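Visitor: Take a look at the following structure, please.
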Amino acid sequence: MIDIKLILTQPEKVKELLALKGCDADLGRIAELDERRRALITKGDELKKQRNEASALVPKLKKEGKDVSEIIARTKQTGAEIAETDKLIAETEKELTDAVAVLPNLPDEDLKGGGKENNEVVKVFGEKPTFDGFTPLDHVELCRRHGLIDYERGVKLSGSGHWIYRGKGAQLEWALLNFFVSEHLKDGYEFILPPLALGYNCGFGSGQFPKFKDEVYWVEDAEASDRTKMKFMLPTAETALVNLYSGEMLKESELPKKLFAYTPCFRKEAGSYRSEERGMIRGHQFNKVEMVQITTPEQSDAAFEELVGKACSLVSKLGLHFRLSKLAAGDCSASMARTYDIEVWIPSMGIYKEVSSVSNARDYQARRNSTRYKGADGKNRYVHTLNGSGLATSRVLPAIVEQYQQADGSIVVPEVLRKYVGADRI
């Protein structure tokens, strides 16, 4: 959530930054709600003062033998007014929270406005593979020929947007996950295996709810009386990890927290029937290893650079051609202040596809889930949260299959994966 103090004290700056994300926010309504809330609190405090003063008179007047019935009646009336005022305060605070909660995060000021058209390629890694003497196949055909992926039976079991890894395909998928896990452990990150079904609070805390609450798979809970008590299947491990310390007060000496998790991920939208969405490029379920850092504002930028470096290192060690892009404000997700995408080359499509997004939410998520730390000066502050895929496999595997294909139809296994696959060629 955006700091409401910033909205109230610098509304023009907030509007200007939100406009970079294409958001035209009604900040005046937020100011009106805050003013109403303050006025109600003042009224409530005054009523409580009157009640306390009247209550203090009762024993004194009784002792003097005076009639206190009128004072008692007035005190009861004041009590009813206090209850009504408290109710209005709660309603106004909820309305105010809801109005602020739907606003996206403010983009960092160095970001360009607009969408994908204004993304900037920061660096290109390696050379595009060349295929001398033969016409390269796409990953769908290669996976079918080698029995790596069973698309048809995946659809039979679960519908479109699903597939089955088989034989060496399953081994290659598992090899990628093992490789990512081993690399993160080497770097001192803590391995987390979180629940796959999460509560509404996690979706809100990560910034995905309420705006995107209809884009996840909800799990019906017979015990839930309302939707906020139902569970949903996580769309990314970030949703779990950034809420791990929600409502807690951490010590500055504990930071940064460096975490990673392996999970299957579930999302409703699985792409289109366009040729570039064929095969495994987009699906309803996919595997991902996700990195998260929880840190102080002072360490935030360095943490971002570290996560970008780690994601790039993984793709580099796989020997794949890829590029690093800085996203324009409008292409960053709602919760993020800045994002760099690591995009791998898919030869059959002639385009780059994102395999990792490294993002900094600043204190936006921490304000939503109340994750704070006590500084060395004794003051309580909100942490910064960052995340990065490390990596999603559903595009890495197609890139490996296509970039490493040979003239004889075989596929060379990247060197770092051979000990897991048990072969240097498929």
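As shown in the structure tokens, the chain order sets the letters A, B, ...; within each chain, residues go from 1, and ligands are also counted from 1 in the order they appear.
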Find the residues near A:Lys15: any atom within 8 Å, counting only C-alpha atoms, skip ones fewer than 4 places away on the same chain, and give them as an NGL selection string.

Guide: :A and (11 or 19 or 24-25 or 27)

Visitor: Can I get the selection written as an mmCIF file, in the first residue's frame, with N, CA, C and O atoms?

Guide:
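As a result, again35.cif now contains:
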data_model
loop_
_atom_site.group_PDB
_atom_site.id
_atom_site.type_symbol
_atom_site.label_atom_id
_atom_site.label_comp_id
_atom_site.auth_asym_id
_atom_site.auth_seq_id
_atom_site.Cartn_x
_atom_site.Cartn_y
_atom_site.Cartn_z
ATOM 1 N N PRO A 11 0.115 15.097 -2.893
ATOM 2 C CA PRO A 11 -0.824 14.485 -3.829
ATOM 3 C C PRO A 11 -0.433 14.651 -5.298
ATOM 4 O O PRO A 11 -0.648 13.741 -6.107
ATOM 5 N N ALA A 19 0.424 8.171 -12.802
ATOM 6 C CA ALA A 19 0.120 8.358 -14.222
ATOM 7 C C ALA A 19 1.101 7.603 -15.105
ATOM 8 O O ALA A 19 0.751 7.186 -16.215
ATOM 9 N N ASP A 24 -5.209 6.843 -13.168
ATOM 10 C CA ASP A 24 -5.757 8.168 -12.870
ATOM 11 C C ASP A 24 -6.554 8.054 -11.574
ATOM 12 O O ASP A 24 -7.732 7.714 -11.571
ATOM 13 N N ALA A 25 -5.891 8.306 -10.462
ATOM 14 C CA ALA A 25 -6.487 8.048 -9.146
ATOM 15 C C ALA A 25 -7.236 9.262 -8.614
ATOM 16 O O ALA A 25 -6.834 10.409 -8.843
ATOM 17 N N LEU A 27 -7.472 11.009 -5.692
ATOM 18 C CA LEU A 27 -6.824 11.203 -4.392
ATOM 19 C C LEU A 27 -7.628 12.150 -3.504
ATOM 20 O O LEU A 27 -7.475 12.140 -2.283
#

Visitor: Please identify the strand (DSSP E or B) residues within stretch 53-164 of chain A (assignment by DSSP from backbone atoms) and present them as a list in words.

Guide: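 Strand (DSSP E or B) members of stretch 53-164 of chain A, listed: Glu120, Val121, Val122, Lys123, Val124, Phe125, Ile149, Asp150 and Ile164 of chain A.
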
Visitor: I want to know what sits within 10 Å of stretch 240-249 of chain A, based on only C-alpha atoms, with residues of the same chain fewer than 3 positions away left out; could you give that as a PDB file with N, CA, C and O atoms, in the first residue's frame?

Guide:
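Result saved to result-v6.pdb:
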ATOM      1  N   ILE A 192      12.593 -23.014   1.352  1.00  0.00           N
ATOM      2  CA  ILE A 192      11.242 -23.057   1.924  1.00  0.00           C
ATOM      3  C   ILE A 192      10.347 -23.897   1.008  1.00  0.00           C
ATOM      4  O   ILE A 192      10.377 -23.731  -0.215  1.00  0.00           O
ATOM      5  N   LEU A 193       9.555 -24.785   1.604  1.00  0.00           N
ATOM      6  CA  LEU A 193       8.496 -25.486   0.869  1.00  0.00           C
ATOM      7  C   LEU A 193       7.172 -25.062   1.501  1.00  0.00           C
ATOM      8  O   LEU A 193       6.751 -25.630   2.505  1.00  0.00           O
ATOM      9  N   PRO A 194       6.515 -24.038   0.956  1.00  0.00           N
ATOM     10  CA  PRO A 194       5.312 -23.490   1.590  1.00  0.00           C
ATOM     11  C   PRO A 194       4.055 -24.271   1.215  1.00  0.00           C
ATOM     12  O   PRO A 194       4.066 -25.089   0.288  1.00  0.00           O
ATOM     13  N   PRO A 195       2.945 -24.013   1.910  1.00  0.00           N
ATOM     14  CA  PRO A 195       1.661 -24.593   1.486  1.00  0.00           C
ATOM     15  C   PRO A 195       1.310 -24.079   0.095  1.00  0.00           C
ATOM     16  O   PRO A 195       1.658 -22.955  -0.266  1.00  0.00           O
ATOM     17  N   LEU A 196       0.606 -24.888  -0.674  1.00  0.00           N
ATOM     18  CA  LEU A 196       0.197 -24.467  -2.013  1.00  0.00           C
ATOM     19  C   LEU A 196      -1.158 -23.772  -2.000  1.00  0.00           C
ATOM     20  O   LEU A 196      -1.487 -23.032  -2.921  1.00  0.00           O
ATOM     21  N   ALA A 197      -1.952 -24.010  -0.957  1.00  0.00           N
ATOM     22  CA  ALA A 197      -3.238 -23.330  -0.792  1.00  0.00           C
ATOM     23  C   ALA A 197      -3.072 -22.253   0.276  1.00  0.00           C
ATOM     24  O   ALA A 197      -2.668 -22.545   1.408  1.00  0.00           O
ATOM     25  N   LEU A 198      -3.363 -21.009  -0.080  1.00  0.00           N
ATOM     26  CA  LEU A 198      -3.126 -19.879   0.813  1.00  0.00           C
ATOM     27  C   LEU A 198      -4.429 -19.163   1.157  1.00  0.00           C
ATOM     28  O   LEU A 198      -5.411 -19.242   0.413  1.00  0.00           O
ATOM     29  N   GLY A 199      -4.411 -18.430   2.278  1.00  0.00           N
ATOM     30  CA  GLY A 199      -5.574 -17.650   2.695  1.00  0.00           C
ATOM     31  C   GLY A 199      -5.632 -16.307   1.982  1.00  0.00           C
ATOM     32  O   GLY A 199      -4.628 -15.811   1.456  1.00  0.00           O
ATOM     33  N   ASN A 201      -5.646 -13.411   3.036  1.00  0.00           N
ATOM     34  CA  ASN A 201      -4.707 -12.414   3.563  1.00  0.00           C
ATOM     35  C   ASN A 201      -3.384 -12.414   2.805  1.00  0.00           C
ATOM     36  O   ASN A 201      -2.737 -11.366   2.659  1.00  0.00           O
ATOM     37  N   CYS A 202      -2.971 -13.567   2.305  1.00  0.00           N
ATOM     38  CA  CYS A 202      -1.714 -13.635   1.544  1.00  0.00           C
ATOM     39  C   CYS A 202      -1.856 -12.927   0.197  1.00  0.00           C
ATOM     40  O   CYS A 202      -0.938 -12.231  -0.250  1.00  0.00           O
ATOM     41  N   GLY A 203      -3.009 -13.106  -0.452  1.00  0.00           N
ATOM     42  CA  GLY A 203      -3.246 -12.415  -1.712  1.00  0.00           C
ATOM     43  C   GLY A 203      -3.306 -10.915  -1.515  1.00  0.00           C
ATOM     44  O   GLY A 203      -2.797 -10.142  -2.339  1.00  0.00           O
ATOM     45  N   PHE A 204      -3.918 -10.475  -0.399  1.00  0.00           N
ATOM     46  CA  PHE A 204      -3.982  -9.046  -0.107  1.00  0.00           C
ATOM     47  C   PHE A 204      -2.599  -8.512   0.251  1.00  0.00           C
ATOM     48  O   PHE A 204      -2.168  -7.461  -0.234  1.00  0.00           O
ATOM     49  N   GLY A 205      -1.891  -9.250   1.101  1.00  0.00           N
ATOM     50  CA  GLY A 205      -0.579  -8.799   1.562  1.00  0.00           C
ATOM     51  C   GLY A 205       0.433  -8.658   0.455  1.00  0.00           C
ATOM     52  O   GLY A 205       1.310  -7.790   0.507  1.00  0.00           O
ATOM     53  N   SER A 206       0.329  -9.501  -0.579  1.00  0.00           N
ATOM     54  CA  SER A 206       1.270  -9.426  -1.697  1.00  0.00           C
ATOM     55  C   SER A 206       0.847  -8.388  -2.730  1.00  0.00           C
ATOM     56  O   SER A 206       1.616  -8.068  -3.647  1.00  0.00           O
ATOM     57  N   LEU A 234      -1.683 -21.002  -4.930  1.00  0.00           N
ATOM     58  CA  LEU A 234      -0.737 -19.906  -5.148  1.00  0.00           C
ATOM     59  C   LEU A 234      -0.344 -19.768  -6.616  1.00  0.00           C
ATOM     60  O   LEU A 234      -0.057 -20.745  -7.289  1.00  0.00           O
ATOM     61  N   PRO A 235      -0.330 -18.525  -7.130  1.00  0.00           N
ATOM     62  CA  PRO A 235       0.081 -18.278  -8.510  1.00  0.00           C
ATOM     63  C   PRO A 235       1.595 -18.181  -8.641  1.00  0.00           C
ATOM     64  O   PRO A 235       2.149 -18.303  -9.728  1.00  0.00           O
ATOM     65  N   THR A 236       2.268 -17.950  -7.520  1.00  0.00           N
ATOM     66  CA  THR A 236       3.719 -17.867  -7.439  1.00  0.00           C
ATOM     67  C   THR A 236       4.103 -17.966  -5.972  1.00  0.00           C
ATOM     68  O   THR A 236       3.342 -17.537  -5.098  1.00  0.00           O
ATOM     69  N   ALA A 237       5.283 -18.524  -5.684  1.00  0.00           N
ATOM     70  CA  ALA A 237       5.707 -18.661  -4.286  1.00  0.00           C
ATOM     71  C   ALA A 237       5.930 -17.312  -3.617  1.00  0.00           C
ATOM     72  O   ALA A 237       5.925 -17.214  -2.388  1.00  0.00           O
ATOM     73  N   GLU A 252      16.554  -5.600  13.259  1.00  0.00           N
ATOM     74  CA  GLU A 252      17.377  -5.167  12.124  1.00  0.00           C
ATOM     75  C   GLU A 252      18.539  -6.128  11.896  1.00  0.00           C
ATOM     76  O   GLU A 252      18.937  -6.374  10.756  1.00  0.00           O
ATOM     77  N   LEU A 259      15.439 -15.913   1.049  1.00  0.00           N
ATOM     78  CA  LEU A 259      14.624 -17.119   0.984  1.00  0.00           C
ATOM     79  C   LEU A 259      14.444 -17.561  -0.468  1.00  0.00           C
ATOM     80  O   LEU A 259      14.501 -16.744  -1.386  1.00  0.00           O
ATOM     81  N   PHE A 260      14.207 -18.846  -0.654  1.00  0.00           N
ATOM     82  CA  PHE A 260      13.754 -19.317  -1.955  1.00  0.00           C
ATOM     83  C   PHE A 260      12.843 -20.512  -1.744  1.00  0.00           C
ATOM     84  O   PHE A 260      12.924 -21.213  -0.732  1.00  0.00           O
ATOM     85  N   ALA A 261      11.948 -20.730  -2.696  1.00  0.00           N
ATOM     86  CA  ALA A 261      10.975 -21.815  -2.585  1.00  0.00           C
ATOM     87  C   ALA A 261      10.782 -22.474  -3.943  1.00  0.00           C
ATOM     88  O   ALA A 261      10.820 -21.809  -4.981  1.00  0.00           O
ATOM     89  N   GLU A 290      11.436 -19.673  -6.759  1.00  0.00           N
ATOM     90  CA  GLU A 290      11.281 -18.236  -6.548  1.00  0.00           C
ATOM     91  C   GLU A 290      12.205 -17.760  -5.436  1.00  0.00           C
ATOM     92  O   GLU A 290      12.329 -18.392  -4.386  1.00  0.00           O
ATOM     93  N   MET A 291      12.861 -16.628  -5.688  1.00  0.00           N
ATOM     94  CA  MET A 291      13.727 -16.000  -4.683  1.00  0.00           C
ATOM     95  C   MET A 291      13.016 -14.790  -4.083  1.00  0.00           C
ATOM     96  O   MET A 291      12.333 -14.058  -4.795  1.00  0.00           O
ATOM     97  N   VAL A 292      13.211 -14.582  -2.789  1.00  0.00           N
ATOM     98  CA  VAL A 292      12.663 -13.404  -2.108  1.00  0.00           C
ATOM     99  C   VAL A 292      13.690 -12.879  -1.125  1.00  0.00           C
ATOM    100  O   VAL A 292      14.370 -13.666  -0.456  1.00  0.00           O
ATOM    101  N   GLN A 293      13.804 -11.571  -1.061  1.00  0.00           N
ATOM    102  CA  GLN A 293      14.594 -10.943   0.000  1.00  0.00           C
ATOM    103  C   GLN A 293      13.701  -9.991   0.777  1.00  0.00           C
ATOM    104  O   GLN A 293      12.882  -9.268   0.196  1.00  0.00           O
ATOM    105  N   ILE A 294      13.846 -10.012   2.095  1.00  0.00           N
ATOM    106  CA  ILE A 294      13.179  -9.081   2.998  1.00  0.00           C
ATOM    107  C   ILE A 294      14.287  -8.291   3.666  1.00  0.00           C
ATOM    108  O   ILE A 294      15.140  -8.866   4.354  1.00  0.00           O
ATOM    109  N   GLN A 365       4.276  -3.900  -0.138  1.00  0.00           N
ATOM    110  CA  GLN A 365       3.723  -5.145   0.399  1.00  0.00           C
ATOM    111  C   GLN A 365       3.797  -5.163   1.923  1.00  0.00           C
ATOM    112  O   GLN A 365       2.875  -5.640   2.595  1.00  0.00           O
ATOM    113  N   ALA A 366       4.865  -4.641   2.469  1.00  0.00           N
ATOM    114  CA  ALA A 366       5.039  -4.638   3.929  1.00  0.00           C
ATOM    115  C   ALA A 366       3.960  -3.820   4.627  1.00  0.00           C
ATOM    116  O   ALA A 366       3.513  -4.159   5.727  1.00  0.00           O
ATOM    117  N   ARG A 367       3.521  -2.736   3.994  1.00  0.00           N
ATOM    118  CA  ARG A 367       2.440  -1.936   4.577  1.00  0.00           C
ATOM    119  C   ARG A 367       1.123  -2.702   4.549  1.00  0.00           C
ATOM    120  O   ARG A 367       0.281  -2.542   5.432  1.00  0.00           O
ATOM    121  N   ARG A 368       0.938  -3.530   3.518  1.00  0.00           N
ATOM    122  CA  ARG A 368      -0.305  -4.294   3.398  1.00  0.00           C
ATOM    123  C   ARG A 368      -0.355  -5.453   4.400  1.00  0.00           C
ATOM    124  O   ARG A 368      -1.425  -5.808   4.900  1.00  0.00           O
ATOM    125  N   ASN A 369       0.819  -6.071   4.663  1.00  0.00           N
ATOM    126  CA  ASN A 369       0.803  -7.229   5.569  1.00  0.00           C
ATOM    127  C   ASN A 369       1.483  -6.939   6.912  1.00  0.00           C
ATOM    128  O   ASN A 369       1.685  -7.847   7.715  1.00  0.00           O
ATOM    129  N   SER A 370       1.818  -5.663   7.132  1.00  0.00           N
ATOM    130  CA  SER A 370       2.382  -5.215   8.416  1.00  0.00           C
ATOM    131  C   SER A 370       3.623  -6.019   8.821  1.00  0.00           C
ATOM    132  O   SER A 370       3.675  -6.617   9.893  1.00  0.00           O
ATOM    133  N   THR A 371       4.625  -6.011   7.950  1.00  0.00           N
ATOM    134  CA  THR A 371       5.924  -6.602   8.282  1.00  0.00           C
ATOM    135  C   THR A 371       6.893  -5.467   8.559  1.00  0.00           C
ATOM    136  O   THR A 371       7.195  -4.674   7.669  1.00  0.00           O
ATOM    137  N   ARG A 372       7.342  -5.384   9.816  1.00  0.00           N
ATOM    138  CA  ARG A 372       8.207  -4.264  10.214  1.00  0.00           C
ATOM    139  C   ARG A 372       9.457  -4.779  10.917  1.00  0.00           C
ATOM    140  O   ARG A 372       9.586  -5.962  11.232  1.00  0.00           O
ATOM    141  N   TYR A 373      10.369  -3.857  11.142  1.00  0.00           N
ATOM    142  CA  TYR A 373      11.571  -4.182  11.911  1.00  0.00           C
ATOM    143  C   TYR A 373      11.893  -3.011  12.826  1.00  0.00           C
ATOM    144  O   TYR A 373      11.497  -1.866  12.565  1.00  0.00           O
ATOM    145  N   LYS A 374      12.576  -3.316  13.909  1.00  0.00           N
ATOM    146  CA  LYS A 374      12.995  -2.277  14.849  1.00  0.00           C
ATOM    147  C   LYS A 374      14.427  -1.886  14.509  1.00  0.00           C
ATOM    148  O   LYS A 374      15.335  -2.715  14.537  1.00  0.00           O
ATOM    149  N   ASN A 380      10.380   1.879  14.780  1.00  0.00           N
ATOM    150  CA  ASN A 380       9.784   0.799  13.985  1.00  0.00           C
ATOM    151  C   ASN A 380       9.605   1.250  12.541  1.00  0.00           C
ATOM    152  O   ASN A 380       9.065   2.338  12.289  1.00  0.00           O
ATOM    153  N   ARG A 381      10.066   0.441  11.617  1.00  0.00           N
ATOM    154  CA  ARG A 381       9.976   0.785  10.195  1.00  0.00           C
ATOM    155  C   ARG A 381       9.451  -0.417   9.403  1.00  0.00           C
ATOM    156  O   ARG A 381       9.578  -1.559   9.843  1.00  0.00           O
ATOM    157  N   TYR A 382       8.912  -0.129   8.231  1.00  0.00           N
ATOM    158  CA  TYR A 382       8.484  -1.199   7.336  1.00  0.00           C
ATOM    159  C   TYR A 382       9.686  -1.731   6.554  1.00  0.00           C
ATOM    160  O   TYR A 382      10.565  -0.973   6.152  1.00  0.00           O
ATOM    161  N   VAL A 383       9.693  -3.041   6.351  1.00  0.00           N
ATOM    162  CA  VAL A 383      10.758  -3.666   5.550  1.00  0.00           C
ATOM    163  C   VAL A 383      10.503  -3.389   4.065  1.00  0.00           C
ATOM    164  O   VAL A 383       9.447  -2.896   3.675  1.00  0.00           O
ATOM    165  N   HIS A 384      11.503  -3.691   3.240  1.00  0.00           N
ATOM    166  CA  HIS A 384      11.333  -3.732   1.797  1.00  0.00           C
ATOM    167  C   HIS A 384      11.314  -5.195   1.368  1.00  0.00           C
ATOM    168  O   HIS A 384      12.059  -6.014   1.916  1.00  0.00           O
ATOM    169  N   THR A 385      10.453  -5.527   0.409  1.00  0.00           N
ATOM    170  CA  THR A 385      10.396  -6.897  -0.099  1.00  0.00           C
ATOM    171  C   THR A 385      10.746  -6.909  -1.587  1.00  0.00           C
ATOM    172  O   THR A 385      10.315  -6.036  -2.343  1.00  0.00           O
ATOM    173  N   LEU A 386      11.534  -7.921  -1.982  1.00  0.00           N
ATOM    174  CA  LEU A 386      11.942  -8.084  -3.375  1.00  0.00           C
ATOM    175  C   LEU A 386      11.752  -9.535  -3.767  1.00  0.00           C
ATOM    176  O   LEU A 386      11.849 -10.430  -2.920  1.00  0.00           O
ATOM    177  N   ASN A 387      11.498  -9.767  -5.037  1.00  0.00           N
ATOM    178  CA  ASN A 387      11.342 -11.139  -5.500  1.00  0.00           C
ATOM    179  C   ASN A 387      11.921 -11.303  -6.898  1.00  0.00           C
ATOM    180  O   ASN A 387      12.062 -10.329  -7.644  1.00  0.00           O
TER     181      ASN A 387
END

Visitor: In Å, with one decimal, what is the gap from atom CA of A:Arg267 to atom CA of A:Ile149?

Guide: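 So the answer is 20.1 Å.
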
Visitor: By how many Å are atom CA of A:Gln50 and atom CA of A:Glu91 apart?

Guide: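 Atom CA of A:Glu91 lies 23.5 Å from atom CA of A:Gln50.
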
Visitor: Provide the atom CA of A:Ile411 to atom CA of A:Gly161 distance in Å, to one decimal place.

Guide: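 So the answer is 24.6 Å.
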
Visitor: Any idea what's packed within 9 Å of A:Asp34, counting only C-alpha atoms, ignoring anything in its chain fewer than 4 positions away? Could you give it as a ChimeraX atom specification?

Guide: /A:8,29-30,38-39,92-93,96

Visitor: Using only C-alpha atoms, determine which residues lie at most 8 Å from A:Ser300, disregarding the query and same-chain residues fewer than 3 positions distant; provide the list as a PyMOL selection string.

Guide: chain A and resi 295-297+303-304+360+362+384+386

Visitor: Using only C-alpha atoms, can you tell me which of A:Val122, A:Ile71, A:Leu47, A:Leu318 comes closest to A:Asp86?

Guide: A:Leu47

Visitor: Compile the contact shell of A:Ser359 as a ChimeraX atom specification: residues with an atom at most 8 Å away, counting only C-alpha atoms, same-chain residues fewer than 2 positions apart removed.

Guide: /A:304,336-340,357,361,386-388

Visitor: Give me the residues within 9 Å of A:His321 as an MDAnalysis selection string, counting only C-alpha atoms and dropping any in the same chain fewer than 3 places off.

Guide: chainID A and resid 124:129 315:316 343:345 399 403

Visitor: Could you dump the residues just selected with C-alpha atoms as an mmCIF file, in the first residue's frame?

Guide:
data_model
loop_
_atom_site.group_PDB
_atom_site.id
_atom_site.type_symbol
_atom_site.label_atom_id
_atom_site.label_comp_id
_atom_site.auth_asym_id
_atom_site.auth_seq_id
_atom_site.Cartn_x
_atom_site.Cartn_y
_atom_site.Cartn_z
ATOM 1 C CA VAL A 124 22.382 -8.993 -24.257
ATOM 2 C CA PHE A 125 24.100 -12.230 -23.202
ATOM 3 C CA GLY A 126 25.730 -14.592 -25.685
ATOM 4 C CA GLU A 127 24.989 -15.034 -29.375
ATOM 5 C CA LYS A 128 21.866 -16.317 -31.094
ATOM 6 C CA PRO A 129 22.363 -19.982 -32.003
ATOM 7 C CA VAL A 315 20.546 -18.641 -17.474
ATOM 8 C CA SER A 316 24.206 -18.016 -18.352
ATOM 9 C CA GLU A 343 14.177 -12.925 -21.487
ATOM 10 C CA VAL A 344 15.406 -16.059 -23.246
ATOM 11 C CA TRP A 345 15.579 -16.484 -27.029
ATOM 12 C CA ALA A 399 14.611 -22.717 -24.921
ATOM 13 C CA GLN A 403 18.762 -23.756 -28.778
#

Visitor: Return the single residue from A:Gly114, A:Lys251, A:Gly133, A:His146 that is closest to A:Ala376, with distances computed using only C-alpha atoms.

Guide: A:Lys251
